[in-house]
Amino acid sequence: MAKELRIGMLGCGFMGRAHSNAWLQVNHFFEREHKPVLKAVYGREQDRAQLEKFAKMWGYESIETDWRKVVERDDIDLIDVCVPNHMHHDCVIAAAEAGKIVVCEKPLAMNAKEGEAMVAAVEKAGVPNMVCFNYRRVPAISLAKQIIDEGRIGRPFHYRATYNQDYTISAKVPQGGLALWRLDAKVAGSGVTGDLLSHSIDTAEWLNGPIVRVVAHTETFIKERVHAETGKTEKVEIDDACMFLAIFANGSIGTFESTRYARGRKNYNTFEVNGELGAVFFDLEDPHILQFFRYADPKTGQKIEDHLTGWQRIHVTAFEHPYMKNWWVPGCTIGYEHTFINMFADFLASLEGGPKFQPDMRCALRTQRVCDAVLQSAREKRWVDIPPE
Ligand SMILES: NC(=O)c1ccc[n+]([C@@H]2O[C@H](COP(=O)([O-])OP(=O)(O)OC[C@H]3O[C@@H](n4cnc5c(N)ncnc54)[C@H](O)[C@@H]3O)[C@@H](O)[C@H]2O)c1
């Protein structure tokens, strides 16, 4: 039976759009009992023009410039946290205490200490919760997970991830304000580590299990930038680039690289896992392709004796591929926005008795701990162990 799921959206920027679109679309492509209704949206008073336009375009019933008013409303079931990282802690805890279902954008928090309090709050309140590491729901990445879980690459030796962009190379790019709050450590918590590597770490631990040790180096190439909101030149305190080595619990070793100074790269989120029997490679700039190298038969462990050795480019659009039977006919691609629709479809299924949704906040806290360890390692110039759960 149809059940209204009344959404209170915190944030009307990039993720506010991606999430609003996904809430509106999910019932068109996935059969779910819950029917999202866009009730209220929050944006800052200084962003009122954006907020009003946003509410009109996406069909929100009302707007608020005080996020607490959205959380307190009795006619809202779910709080969707799409504001910058420094607000996640307060918004999630207030929403949990108000008994709301809580959806939160990544990274979970500014640091693991905040994350622990958030996990405690949602678990104490017993409210369903999730964190939006949406790349797990890229069909090609889900297929990589399936291939690995089926034993097709065998024992993994190497995990290699990059998440590279190029939009902050100019010293004229300010810090602070819409979108560019990412360069302001007081609002973002960290630079590429929390923003981009948190995605890579979530994907890596999902595909290859826990990371137990890291050693990192970070760099801030441009030391001062004008702050868009104060107009003053201020020190840049985020990591512009980060590289780290990782040891996984399964004995494989990893390299992770992220920067916003890789000229030419826009959203170069890649990973490769090399195993004894095979390998997989993915690149978000080519999102519907999964590359798979098949060397040996997982049942026998023996080399496959034919003349077709080589990388296969699997066009992940067939009905038998993850999520694709809900979309178009084979060969027709889906895109970035669909990862959010797939994610909410899985979350609604979990509310309706389906498999438990992951990552929840407890799972995302692990990613946060790895991010913290990476930053600590870079500061202290030494290996850092990730504390077990
Ligand atoms: N899952 C993903 O791939 C993905 C992609 C982008 C962003 N995110 C996450 O989503 C969250 C929101 O990011 P976004 O890109 O939508 O942000 P944005 O800058 O586009 O929008 C920010 C929103 O928060 C409000 N706000 C409150 N305090 C603010 C402040 N101090 N500075 C700027 N805006 C402020 C603004 O009014 C606006 O509505 C962040 O936690 C970010 O890490 C996730």
# chains A, B, ... in the order shown; residues from 1 in each chain; ligands from 1
$ select_by_dssp --residues "region 127-304 of chain A" --states "strand (DSSP E or B)" --output "VMD selection string"
chain A and resid 129 to 131 156 to 164 175 211 to 219 224 to 227 233 to 235 241 to 248 253 to 259 268 to 275 278 to 283 289 to 294 296 303
$ residues_around --residues "region 369-381 of chain A" --least-positions-apart "3" --cutoff "7 Å" --atoms "only C-alpha atoms" --output "VMD selection string"
chain A and resid 111 to 112 193 to 194 198 214 to 218 365 to 366 384 386
$ residues_near_ligand --ligand "ligand 1" --cutoff "7 Å" --atoms "only C-alpha atoms and all ligand atoms" --output "short mmCIF file (atom, residue, chain, number, x, y, z; two decimals) with N, CA and C atoms, in the first residue's frame"
data_model
loop_
_atom_site.label_atom_id
_atom_site.label_comp_id
_atom_site.auth_asym_id
_atom_site.auth_seq_id
_atom_site.Cartn_x
_atom_site.Cartn_y
_atom_site.Cartn_z
N GLY A 11 19.48 21.93 2.50
CA GLY A 11 20.45 22.26 1.46
C GLY A 11 19.78 22.31 0.11
N CYS A 12 20.12 23.36 -0.66
CA CYS A 12 19.50 23.50 -1.98
C CYS A 12 20.58 23.75 -3.04
N GLY A 13 21.74 23.14 -2.82
CA GLY A 13 22.83 23.28 -3.80
C GLY A 13 22.90 22.03 -4.68
N PHE A 14 24.13 21.65 -4.97
CA PHE A 14 24.40 20.53 -5.88
C PHE A 14 23.69 19.26 -5.40
N MET A 15 23.92 18.88 -4.15
CA MET A 15 23.32 17.64 -3.66
C MET A 15 21.82 17.79 -3.40
N GLY A 16 21.39 19.00 -3.02
CA GLY A 16 19.95 19.22 -2.89
C GLY A 16 19.25 18.88 -4.20
N TYR A 42 15.52 23.70 3.22
CA TYR A 42 16.29 24.75 3.91
C TYR A 42 17.44 25.23 3.03
N GLY A 43 17.67 26.55 3.07
CA GLY A 43 18.90 27.16 2.54
C GLY A 43 19.19 28.38 3.41
N ARG A 44 20.43 28.85 3.38
CA ARG A 44 20.75 30.01 4.22
C ARG A 44 20.01 31.26 3.74
N ASP A 47 21.44 32.84 0.88
CA ASP A 47 21.25 32.11 -0.38
C ASP A 47 19.76 32.07 -0.76
N LEU A 51 17.41 29.57 -2.96
CA LEU A 51 16.44 28.73 -2.26
C LEU A 51 15.05 28.84 -2.88
N CYS A 82 21.95 17.69 3.17
CA CYS A 82 22.73 18.02 1.97
C CYS A 82 23.39 19.38 2.15
N VAL A 83 23.85 19.65 3.36
CA VAL A 83 24.55 20.90 3.66
C VAL A 83 26.03 20.57 3.86
N PRO A 84 26.90 21.61 3.92
CA PRO A 84 28.32 21.33 4.08
C PRO A 84 28.65 20.56 5.37
N ASN A 85 29.84 19.99 5.37
CA ASN A 85 30.24 19.00 6.38
C ASN A 85 30.16 19.49 7.82
N GLU A 105 24.63 13.24 3.65
CA GLU A 105 25.67 13.22 2.61
C GLU A 105 27.04 12.87 3.22
N LYS A 106 27.93 12.43 2.35
CA LYS A 106 29.29 12.13 2.78
C LYS A 106 30.10 13.41 2.80
N PRO A 107 31.24 13.50 3.47
CA PRO A 107 31.69 12.52 4.45
C PRO A 107 30.77 12.60 5.67
N CYS A 132 25.46 8.83 2.06
CA CYS A 132 25.34 8.79 0.59
C CYS A 132 26.67 8.57 -0.13
N PHE A 133 27.24 7.42 0.06
CA PHE A 133 28.36 7.03 -0.80
C PHE A 133 27.74 6.39 -2.04
N ASN A 134 27.26 7.27 -2.92
CA ASN A 134 26.41 6.83 -4.03
C ASN A 134 27.14 6.00 -5.07
N GLY A 176 35.48 29.40 0.40
CA GLY A 176 34.25 29.81 1.08
C GLY A 176 33.12 30.09 0.12
N GLY A 177 31.87 29.99 0.64
CA GLY A 177 30.68 30.25 -0.17
C GLY A 177 30.20 28.99 -0.86
N LEU A 178 29.12 29.13 -1.63
CA LEU A 178 28.53 27.98 -2.30
C LEU A 178 29.58 27.23 -3.11
N ALA A 179 29.57 25.94 -3.01
CA ALA A 179 30.48 25.01 -3.70
C ALA A 179 31.92 25.14 -3.22
N LEU A 180 32.42 26.38 -3.05
CA LEU A 180 33.83 26.57 -2.70
C LEU A 180 34.08 26.54 -1.19
N TRP A 181 33.04 26.25 -0.40
CA TRP A 181 33.26 25.97 1.03
C TRP A 181 34.23 24.79 1.17
N VAL A 187 34.75 24.72 7.39
CA VAL A 187 33.45 24.23 6.90
C VAL A 187 33.57 22.80 6.35
N ASP A 195 36.67 14.99 1.09
CA ASP A 195 35.74 15.22 -0.03
C ASP A 195 35.79 14.08 -1.04
#
$ residues_around --residues "region 138-144 of chain A" --least-positions-apart "6" --cutoff "10 Å" --atoms "only C-alpha atoms" --output "PyMOL selection string"
chain A and resi 150+152-153+203+206-207+271-273+279-284+286-292+314-317+320-324+334-340+342-343
$ atom_distance --atom1 "CA of Pro128 (chain A)" --atom2 "CA of Ser350 (chain A)"
8.9 Å
